[in-house]
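Shown below: entry.cif, with mmCIF, C-alpha atoms.
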```cif
data_data
#
loop_
_atom_site.group_PDB
_atom_site.id
_atom_site.type_symbol
_atom_site.label_atom_id
_atom_site.label_comp_id
_atom_site.auth_asym_id
_atom_site.auth_seq_id
_atom_site.Cartn_x
_atom_site.Cartn_y
_atom_site.Cartn_z
ATOM 1 C CA MET A 131 63.753 91.200 90.380
ATOM 2 C CA ASN A 132 64.790 90.705 93.960
ATOM 3 C CA ASP A 133 66.779 93.931 94.150
ATOM 4 C CA GLU A 134 66.362 96.217 97.111
ATOM 5 C CA TYR A 135 67.183 99.918 97.435
ATOM 6 C CA TRP A 136 68.652 101.240 100.657
ATOM 7 C CA ASP A 137 69.728 104.886 101.042
ATOM 8 C CA GLY A 138 71.246 105.019 97.554
ATOM 9 C CA THR A 139 72.702 101.496 97.584
ATOM 10 C CA VAL A 140 71.266 98.725 95.419
ATOM 11 C CA ILE A 141 71.211 95.413 97.278
ATOM 12 C CA THR A 142 71.129 92.333 95.063
ATOM 13 C CA LYS A 143 70.154 89.333 97.139
ATOM 14 C CA PRO A 144 71.105 85.783 96.173
ATOM 15 C CA VAL A 145 68.407 83.501 94.827
ATOM 16 C CA PRO A 146 67.068 81.656 97.875
ATOM 17 C CA THR A 147 67.786 77.972 98.434
ATOM 18 C CA PRO A 148 64.990 75.362 98.404
ATOM 19 C CA ARG A 149 65.408 74.958 102.191
ATOM 20 C CA HIS A 150 64.920 78.688 102.708
ATOM 21 C CA GLN A 151 61.805 78.702 100.530
ATOM 22 C CA MET A 152 60.403 75.625 102.246
ATOM 23 C CA LEU A 153 60.616 77.426 105.578
ATOM 24 C CA VAL A 154 59.030 80.578 104.174
ATOM 25 C CA GLY A 155 56.192 78.412 102.871
ATOM 26 C CA ALA A 156 55.753 76.687 106.223
ATOM 27 C CA VAL A 157 55.610 79.974 108.105
ATOM 28 C CA ALA A 158 53.164 81.383 105.536
ATOM 29 C CA ALA A 159 50.874 78.356 105.936
ATOM 30 C CA ALA A 160 50.972 78.647 109.722
ATOM 31 C CA LEU A 161 50.187 82.358 109.632
ATOM 32 C CA LYS A 162 47.354 81.985 107.103
ATOM 33 C CA ALA A 163 45.540 79.488 109.287
ATOM 34 C CA GLY A 164 44.003 81.901 111.771
ATOM 35 C CA ARG A 165 43.166 85.213 110.131
ATOM 36 C CA ALA A 166 41.198 85.470 106.908
ATOM 37 C CA ASP A 167 41.112 89.264 107.218
ATOM 38 C CA LEU A 168 44.898 89.599 106.831
ATOM 39 C CA HIS A 169 47.047 88.994 103.751
ATOM 40 C CA VAL A 170 50.083 86.725 104.041
ATOM 41 C CA LEU A 171 52.405 87.612 101.159
ATOM 42 C CA THR A 172 55.829 86.340 100.131
ATOM 43 C CA GLY A 173 58.275 88.140 97.835
ATOM 44 C CA VAL A 174 56.408 91.435 97.607
ATOM 45 C CA THR A 175 58.018 94.860 97.478
ATOM 46 C CA VAL A 176 57.610 97.060 100.539
ATOM 47 C CA GLU A 177 58.360 100.781 100.629
ATOM 48 C CA LEU A 178 59.785 101.679 104.049
ATOM 49 C CA THR A 179 60.675 105.232 102.971
ATOM 50 C CA PRO A 180 61.137 106.775 99.507
ATOM 51 C CA HIS A 181 64.825 105.762 99.827
ATOM 52 C CA ARG A 182 64.326 102.290 101.255
ATOM 53 C CA VAL A 183 62.483 99.719 99.168
ATOM 54 C CA VAL A 184 62.871 96.099 100.232
ATOM 55 C CA VAL A 185 61.607 92.593 99.469
ATOM 56 C CA PRO A 186 61.157 90.803 102.802
ATOM 57 C CA ASP A 187 60.764 87.033 102.819
ATOM 58 C CA LEU A 188 57.202 87.382 104.066
ATOM 59 C CA VAL A 189 54.834 90.110 105.228
ATOM 60 C CA VAL A 190 51.410 90.102 106.832
ATOM 61 C CA THR A 191 49.322 93.117 105.876
ATOM 62 C CA GLY A 192 45.922 94.525 106.632
ATOM 63 C CA PRO A 193 43.540 95.367 103.771
ATOM 64 C CA ILE A 194 45.547 96.634 100.769
ATOM 65 C CA ASP A 195 45.070 97.213 97.044
ATOM 66 C CA LEU A 196 46.359 93.872 95.747
ATOM 67 C CA ASP A 197 47.068 95.331 92.308
ATOM 68 C CA ARG A 198 49.367 98.071 93.567
ATOM 69 C CA PRO A 199 52.923 96.788 92.977
ATOM 70 C CA VAL A 200 54.438 98.283 96.120
ATOM 71 C CA VAL A 201 53.101 97.690 99.633
ATOM 72 C CA ARG A 202 53.315 100.648 102.031
ATOM 73 C CA ALA A 203 55.118 100.021 105.313
ATOM 74 C CA GLY A 204 52.119 101.461 107.169
ATOM 75 C CA ASP A 205 49.991 98.528 105.945
ATOM 76 C CA VAL A 206 52.455 95.895 107.193
ATOM 77 C CA ARG A 207 51.548 94.327 110.553
ATOM 78 C CA LEU A 208 54.357 91.746 110.639
ATOM 79 C CA VAL A 209 57.547 91.244 108.636
ATOM 80 C CA VAL A 210 59.410 87.912 108.543
ATOM 81 C CA GLU A 211 62.981 87.107 107.508
ATOM 82 C CA VAL A 212 64.476 83.611 107.407
ATOM 83 C CA VAL A 213 68.149 83.700 108.397
ATOM 84 C CA THR A 214 71.098 81.355 108.699
ATOM 85 C CA PRO A 215 73.674 81.961 111.442
ATOM 86 C CA ALA A 216 76.323 82.771 108.839
ATOM 87 C CA THR A 217 74.193 85.247 106.918
ATOM 88 C CA ALA A 218 72.117 86.954 109.569
ATOM 89 C CA ALA A 219 74.051 90.234 109.775
ATOM 90 C CA VAL A 220 71.969 92.231 107.286
ATOM 91 C CA ASP A 221 68.645 91.010 108.717
ATOM 92 C CA THR A 222 69.593 91.374 112.372
ATOM 93 C CA THR A 223 71.266 94.776 112.136
ATOM 94 C CA LEU A 224 70.429 96.942 109.120
ATOM 95 C CA LYS A 225 66.968 95.548 108.330
ATOM 96 C CA MET A 226 66.011 95.326 111.974
ATOM 97 C CA GLN A 227 66.659 99.014 112.441
ATOM 98 C CA GLY A 228 65.017 99.907 109.122
ATOM 99 C CA TYR A 229 61.815 97.995 109.878
ATOM 100 C CA ALA A 230 61.701 99.610 113.319
ATOM 101 C CA ASP A 231 62.239 103.085 111.814
ATOM 102 C CA ALA A 232 59.338 102.353 109.437
ATOM 103 C CA GLY A 233 57.089 101.550 112.398
ATOM 104 C CA ILE A 234 56.304 97.916 111.524
ATOM 105 C CA PRO A 235 54.856 96.589 114.792
ATOM 106 C CA TRP A 236 56.252 93.023 114.660
ATOM 107 C CA TYR A 237 59.449 91.478 113.252
ATOM 108 C CA LEU A 238 59.784 87.694 113.208
ATOM 109 C CA LEU A 239 63.217 86.187 112.633
ATOM 110 C CA VAL A 240 63.201 82.521 111.661
ATOM 111 C CA GLU A 241 66.434 80.599 112.114
ATOM 112 C CA GLN A 242 66.814 78.311 109.147
ATOM 113 C CA ASP A 243 68.959 75.725 110.924
ATOM 114 C CA SER A 244 67.240 75.446 114.306
ATOM 115 C CA HIS A 245 63.705 76.423 113.215
ATOM 116 C CA ALA A 246 63.593 78.788 116.168
ATOM 117 C CA LEU A 247 61.227 81.739 115.787
ATOM 118 C CA HIS A 248 62.215 84.988 117.468
ATOM 119 C CA GLY A 249 59.289 87.376 117.748
ATOM 120 C CA HIS A 250 60.200 91.050 118.192
ATOM 121 C CA CYS A 251 57.695 93.705 119.174
ATOM 122 C CA LEU A 252 58.184 97.403 118.433
ATOM 123 C CA VAL A 253 58.445 99.293 121.721
ATOM 124 C CA GLY A 254 59.382 102.971 121.723
ATOM 125 C CA GLY A 255 60.919 102.823 118.236
ATOM 126 C CA ALA A 256 63.058 99.691 118.712
ATOM 127 C CA TYR A 257 62.395 95.961 118.648
ATOM 128 C CA VAL A 258 62.289 94.012 121.874
ATOM 129 C CA GLU A 259 62.333 90.215 121.760
ATOM 130 C CA ARG A 260 59.020 89.021 123.131
ATOM 131 C CA SER A 261 58.920 85.327 122.310
ATOM 132 C CA VAL A 262 61.028 82.434 121.168
ATOM 133 C CA MET A 263 59.336 79.302 119.915
ATOM 134 C CA GLN A 264 59.785 76.413 117.566
ATOM 135 C CA LEU A 265 58.233 76.410 114.123
ATOM 136 C CA GLN A 266 56.860 72.909 114.817
ATOM 137 C CA SER A 267 54.665 74.352 117.549
ATOM 138 C CA LEU A 268 52.921 76.506 114.925
ATOM 139 C CA LEU A 269 52.287 73.715 112.427
ATOM 140 C CA MET B 93 77.717 83.893 86.735
ATOM 141 C CA THR B 94 78.000 87.369 85.278
ATOM 142 C CA ILE B 95 76.598 90.240 87.245
ATOM 143 C CA SER B 96 76.019 93.598 85.665
ATOM 144 C CA THR B 97 76.815 96.277 88.185
ATOM 145 C CA GLY B 98 75.594 99.079 85.922
ATOM 146 C CA SER B 99 77.080 102.414 86.884
ATOM 147 C CA ALA B 100 77.926 101.285 90.424
ATOM 148 C CA ASP B 101 81.420 102.144 91.515
ATOM 149 C CA ARG B 102 81.662 100.207 94.748
ATOM 150 C CA VAL B 103 80.515 96.616 94.953
ATOM 151 C CA GLU B 104 80.507 95.051 98.403
ATOM 152 C CA LEU B 105 79.482 91.568 99.516
ATOM 153 C CA PHE B 106 77.581 90.922 102.743
ATOM 154 C CA ASP B 107 76.629 87.298 103.343
ATOM 155 C CA GLY B 108 75.803 86.606 99.707
ATOM 156 C CA SER B 109 74.070 89.931 99.012
ATOM 157 C CA LEU B 110 75.789 92.428 96.734
ATOM 158 C CA PHE B 111 75.657 96.077 97.779
ATOM 159 C CA LEU B 112 76.134 98.356 94.770
ATOM 160 C CA THR B 113 76.863 102.001 95.484
ATOM 161 C CA VAL B 114 77.634 104.842 93.128
ATOM 162 C CA ALA B 115 80.942 106.652 93.443
ATOM 163 C CA PRO B 116 81.174 109.032 96.389
ATOM 164 C CA GLY B 117 80.860 112.768 95.833
ATOM 165 C CA PRO B 118 83.601 115.423 96.071
ATOM 166 C CA ARG B 119 82.805 116.379 99.707
ATOM 167 C CA HIS B 120 83.200 112.773 100.752
ATOM 168 C CA GLN B 121 86.412 112.325 98.802
ATOM 169 C CA HIS B 122 87.908 115.593 100.029
ATOM 170 C CA LEU B 123 87.457 114.451 103.600
ATOM 171 C CA SER B 124 88.764 110.963 102.932
ATOM 172 C CA PHE B 125 91.871 112.356 101.208
ATOM 173 C CA GLU B 126 92.595 114.936 103.921
ATOM 174 C CA LEU B 127 92.250 112.285 106.601
ATOM 175 C CA ALA B 128 94.621 109.961 104.728
ATOM 176 C CA ALA B 129 97.084 112.865 104.426
ATOM 177 C CA ALA B 130 96.812 113.562 108.165
ATOM 178 C CA LEU B 131 97.542 109.927 108.999
ATOM 179 C CA THR B 132 100.212 109.060 106.450
ATOM 180 C CA SER B 133 103.457 110.204 108.080
ATOM 181 C CA ALA B 134 102.470 108.868 111.494
ATOM 182 C CA ALA B 135 101.590 105.536 109.897
ATOM 183 C CA ARG B 136 104.918 105.444 108.053
ATOM 184 C CA ARG B 137 106.760 106.050 111.327
ATOM 185 C CA ALA B 138 104.860 103.125 112.852
ATOM 186 C CA GLY B 139 105.645 100.884 109.863
ATOM 187 C CA LEU B 140 102.009 100.882 108.762
ATOM 188 C CA HIS B 141 100.178 101.822 105.552
ATOM 189 C CA VAL B 142 97.214 104.123 104.926
ATOM 190 C CA ARG B 143 95.045 103.090 101.976
ATOM 191 C CA GLU B 144 91.824 104.545 100.626
ATOM 192 C CA ALA B 145 89.000 102.401 99.216
ATOM 193 C CA VAL B 146 90.665 98.991 98.966
ATOM 194 C CA ASN B 147 88.870 95.630 99.058
ATOM 195 C CA VAL B 148 88.932 94.074 102.520
ATOM 196 C CA ARG B 149 87.879 90.484 103.196
ATOM 197 C CA LEU B 150 86.186 90.273 106.604
ATOM 198 C CA CYS B 151 85.281 86.591 106.153
ATOM 199 C CA PRO B 152 84.702 84.439 103.048
ATOM 200 C CA ASP B 153 81.214 85.902 102.463
ATOM 201 C CA ARG B 154 81.960 89.500 103.417
ATOM 202 C CA ILE B 155 84.126 91.687 101.198
ATOM 203 C CA VAL B 156 83.829 95.408 101.789
ATOM 204 C CA ILE B 157 85.427 98.625 100.581
ATOM 205 C CA PRO B 158 86.047 100.845 103.600
ATOM 206 C CA ASP B 159 86.750 104.513 102.861
ATOM 207 C CA LEU B 160 90.132 104.217 104.568
ATOM 208 C CA VAL B 161 92.180 101.574 106.350
ATOM 209 C CA ILE B 162 95.442 101.507 108.258
ATOM 210 C CA THR B 163 97.127 98.158 107.691
ATOM 211 C CA SER B 164 100.240 96.315 108.724
ATOM 212 C CA ASP B 165 102.492 94.998 105.955
ATOM 213 C CA ILE B 166 100.408 93.660 103.084
ATOM 214 C CA ASP B 167 101.105 92.074 99.717
ATOM 215 C CA PHE B 168 100.476 94.938 97.311
ATOM 216 C CA HIS B 169 99.843 92.482 94.466
ATOM 217 C CA GLU B 170 96.891 90.891 96.255
ATOM 218 C CA PRO B 171 93.638 92.574 95.157
ATOM 219 C CA VAL B 172 91.966 91.926 98.508
ATOM 220 C CA VAL B 173 93.371 92.825 101.938
ATOM 221 C CA ASP B 174 92.627 90.402 104.756
ATOM 222 C CA ALA B 175 90.906 91.849 107.835
ATOM 223 C CA ALA B 176 93.677 90.416 110.027
ATOM 224 C CA SER B 177 96.047 93.031 108.533
ATOM 225 C CA VAL B 178 93.685 95.924 109.251
ATOM 226 C CA ARG B 179 94.524 97.861 112.408
ATOM 227 C CA LEU B 180 92.004 100.672 111.966
ATOM 228 C CA VAL B 181 89.043 101.054 109.632
ATOM 229 C CA CYS B 182 87.369 104.371 108.822
ATOM 230 C CA GLU B 183 84.127 105.358 107.140
ATOM 231 C CA VAL B 184 83.096 108.834 106.061
ATOM 232 C CA VAL B 185 79.414 109.028 106.934
ATOM 233 C CA ALA B 186 76.994 110.966 104.765
ATOM 234 C CA PRO B 187 73.692 111.823 106.437
ATOM 235 C CA HIS B 188 71.579 110.098 103.766
ATOM 236 C CA ASN B 189 73.188 106.679 104.183
ATOM 237 C CA ALA B 190 74.486 106.583 107.738
ATOM 238 C CA ALA B 191 72.722 103.323 108.621
ATOM 239 C CA THR B 192 75.036 101.061 106.621
ATOM 240 C CA ASP B 193 78.136 102.454 108.353
ATOM 241 C CA GLU B 194 76.648 102.836 111.817
ATOM 242 C CA VAL B 195 74.700 99.602 111.963
ATOM 243 C CA LEU B 196 75.732 96.948 109.439
ATOM 244 C CA LYS B 197 79.433 97.756 109.080
ATOM 245 C CA MET B 198 79.732 98.485 112.796
ATOM 246 C CA HIS B 199 78.578 94.908 113.400
ATOM 247 C CA CYS B 200 80.681 93.310 110.662
ATOM 248 C CA TYR B 201 83.964 95.116 111.454
ATOM 249 C CA ALA B 202 83.609 94.098 115.096
ATOM 250 C CA ALA B 203 82.851 90.498 114.105
ATOM 251 C CA ALA B 204 86.048 90.533 112.003
ATOM 252 C CA GLY B 205 88.054 91.635 115.039
ATOM 253 C CA ILE B 206 89.271 95.009 113.724
ATOM 254 C CA SER B 207 90.501 96.864 116.819
ATOM 255 C CA TRP B 208 89.581 100.427 115.893
ATOM 256 C CA TYR B 209 86.659 101.931 113.947
ATOM 257 C CA LEU B 210 86.701 105.639 113.119
ATOM 258 C CA LEU B 211 83.548 107.355 111.858
ATOM 259 C CA VAL B 212 83.825 110.817 110.315
ATOM 260 C CA GLU B 213 80.706 112.824 109.607
ATOM 261 C CA GLN B 214 80.915 114.222 106.120
ATOM 262 C CA ASP B 215 79.000 117.445 106.800
ATOM 263 C CA THR B 216 80.360 118.435 110.215
ATOM 264 C CA GLY B 217 83.779 116.755 110.374
ATOM 265 C CA THR B 218 82.881 115.245 113.748
ATOM 266 C CA LEU B 219 85.120 112.286 114.564
ATOM 267 C CA ARG B 220 83.902 109.297 116.565
ATOM 268 C CA LEU B 221 86.473 106.665 117.496
ATOM 269 C CA PHE B 222 85.332 103.213 118.619
ATOM 270 C CA ARG B 223 87.476 100.584 120.274
ATOM 271 C CA LEU B 224 86.780 96.868 120.105
ATOM 272 C CA ASP B 225 85.881 95.640 123.566
ATOM 273 C CA GLY B 226 84.543 92.127 124.153
ATOM 274 C CA GLY B 227 83.555 91.645 120.513
ATOM 275 C CA LYS B 228 81.676 94.959 120.217
ATOM 276 C CA TYR B 229 82.659 98.545 119.626
ATOM 277 C CA ALA B 230 82.553 100.968 122.514
ATOM 278 C CA GLU B 231 82.931 104.713 121.975
ATOM 279 C CA HIS B 232 86.478 105.641 122.928
ATOM 280 C CA ALA B 233 86.741 109.325 121.977
ATOM 281 C CA THR B 234 84.927 111.975 119.962
ATOM 282 C CA ALA B 235 85.938 115.369 118.590
ATOM 283 C CA GLU B 236 83.854 118.080 116.972
ATOM 284 C CA VAL B 237 85.181 121.112 115.134
ATOM 285 C CA GLY B 238 86.972 123.176 117.785
ATOM 286 C CA GLN B 239 88.315 120.025 119.461
ATOM 287 C CA VAL B 240 91.000 117.550 118.394
ATOM 288 C CA LEU B 241 91.181 113.774 118.417
ATOM 289 C CA GLU B 242 94.296 112.327 120.010
ATOM 290 C CA LEU B 243 94.985 108.996 118.379
ATOM 291 C CA THR B 244 97.545 106.817 120.177
ATOM 292 C CA ASP B 245 97.014 103.425 118.553
ATOM 293 C CA PRO B 246 97.685 102.086 115.937
ATOM 294 C CA VAL B 247 99.341 105.418 115.076
ATOM 295 C CA ARG B 248 100.191 108.394 117.224
ATOM 296 C CA VAL B 249 98.695 111.536 115.704
ATOM 297 C CA THR B 250 96.442 114.477 116.524
ATOM 298 C CA ILE B 251 93.571 115.041 114.106
ATOM 299 C CA ASP B 252 91.873 118.417 113.861
ATOM 300 C CA PRO B 253 88.423 118.093 112.219
ATOM 301 C CA ARG B 254 88.684 121.668 110.911
ATOM 302 C CA TYR B 255 91.300 120.623 108.381
ATOM 303 C CA LEU B 256 89.243 117.729 107.055
ATOM 304 C CA LEU B 257 86.232 119.724 105.866
ATOM 305 C CA SER B 258 85.915 120.900 102.286
ATOM 306 C CA PRO B 259 86.002 124.696 101.748
ATOM 307 C CA THR B 260 82.312 124.819 100.791
#
```
As structure tokens, please, write out the structure in this file.
Amino acid sequence: MNDEYWDGTVITKPVPTPRHQMLVGAVAAALKAGRADLHVLTGVTVELTPHRVVVPDLVVTGPIDLDRPVVRAGDVRLVVEVVTPATAAVDTTLKMQGYADAGIPWYLLVEQDSHALHGHCLVGGAYVERSVMQLQSLL
Amino acid sequence: MTISTGSADRVELFDGSLFLTVAPGPRHQHLSFELAAALTSAARRAGLHVREAVNVRLCPDRIVIPDLVITSDIDFHEPVVDAASVRLVCEVVAPHNAATDEVLKMHCYAAAGISWYLLVEQDTGTLRLFRLDGGKYAEHATAEVGQVLELTDPVRVTIDPRYLLSPT
């Protein structure tokens, strides 16, 4: 199930399109290239707080128990969401604040249409955009 | 496609994602009702309507159920109210789920061009009124218990937070 839980609300996300999944795969491949000590995981459940359980498009974690069904936010080094301009509101407002509240150090937003990557770094409890680049430059 | 919403009372749509929320509790509903009562005659004088918990279409992929709206004339047979008819939107904010109202809905109501956004804190009765300015909401006025909120647009009324709070 792709359902998420957010402060008492159940969020049922639509099944992703092939284009969305292709981009998630491309980002995962690019991220896997460098660091064998980190896990690059798509479609896993992450517990931000006991009341906020989400399924980001992709996360990069440090060493974790791979058989534990829920990843703890504290183990997540980077979270990635692929967004379209028309559907970005949840990822760029609610999720952005929730990931920051959970202390995840990096948030990468990937624009599905332009392939632009917006890297946000956690500074003093909020994300600050630190880099913008093209996906092609990673591949 | 059939979607089972289980015991959820409010189903909202944000960009293709369904948000399913159980029915609000009595404290929340007391406040929402008292606020509607406080606004109703002023709205009637202005030729407007006060409605609680109706479907509002912000854009084709965003259909929400605000706690309260003040609208211009609408077709009462239409199950969904268009955002263009909404003059003021209000959410009663419970501490455990404030983020949806203060972050996501704040963004989406502004994007839909709704001129006024009123947030009421469920536990304290504090009122925070935001006015749309350049595509974003800016805080226009606030009132805690012991103060009053003077609303001039879209309706002219004075709201006293004391009378919104439930007895316990």
field: Explicit residue set for the PyMOL selection byres ((chain A) within 12 of (chain B)), as a PyMOL selection string
entry: chain A and resi 132-147+179-182+213-228+231
field: Pairwise distance for CA of Ala203 (chain A) and CA of Leu247 (chain A), rounded to one decimal in Å
entry: 21.9 Å
- prompt: At most 12 Å from (61.7, 78.0, 114.4), file frame, all atoms listed in the file: which residues, as a PyMOL selection string?
  reply: chain A and resi 153-154+156-157+160+210-214+238-249+261-269
query: What does the PyMOL selection byres ((chain B and resi 222) around 9) select in this file, as a list in words?
result: Ser207, Trp208, Tyr209, Leu210, Leu211, Arg220, Leu221, Arg223, Leu224, Tyr229, Ala230, Glu231, His232, Ala233 and Thr234 of chain B
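The point (100.3, 92.7, 102.7) has these residues within 12 Å of it, counting only C-alpha atoms: Leu140, His141, Arg143, Val148, Ile162, Thr163, Ser164, Asp165, Ile166, Asp167, Phe168, His169, Glu170, Pro171, Val172, Val173, Asp174, Ala175, Ala176, Ser177 and Val178 of chain B.
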- prompt: What do you get, as a PyMOL selection string, if you spell out every residue that the PyMOL selection byres ((chain B and resi 122) around 12) selects here?
  reply: chain B and resi 116-121+123-129+144+159+184+214-215+217+255-260
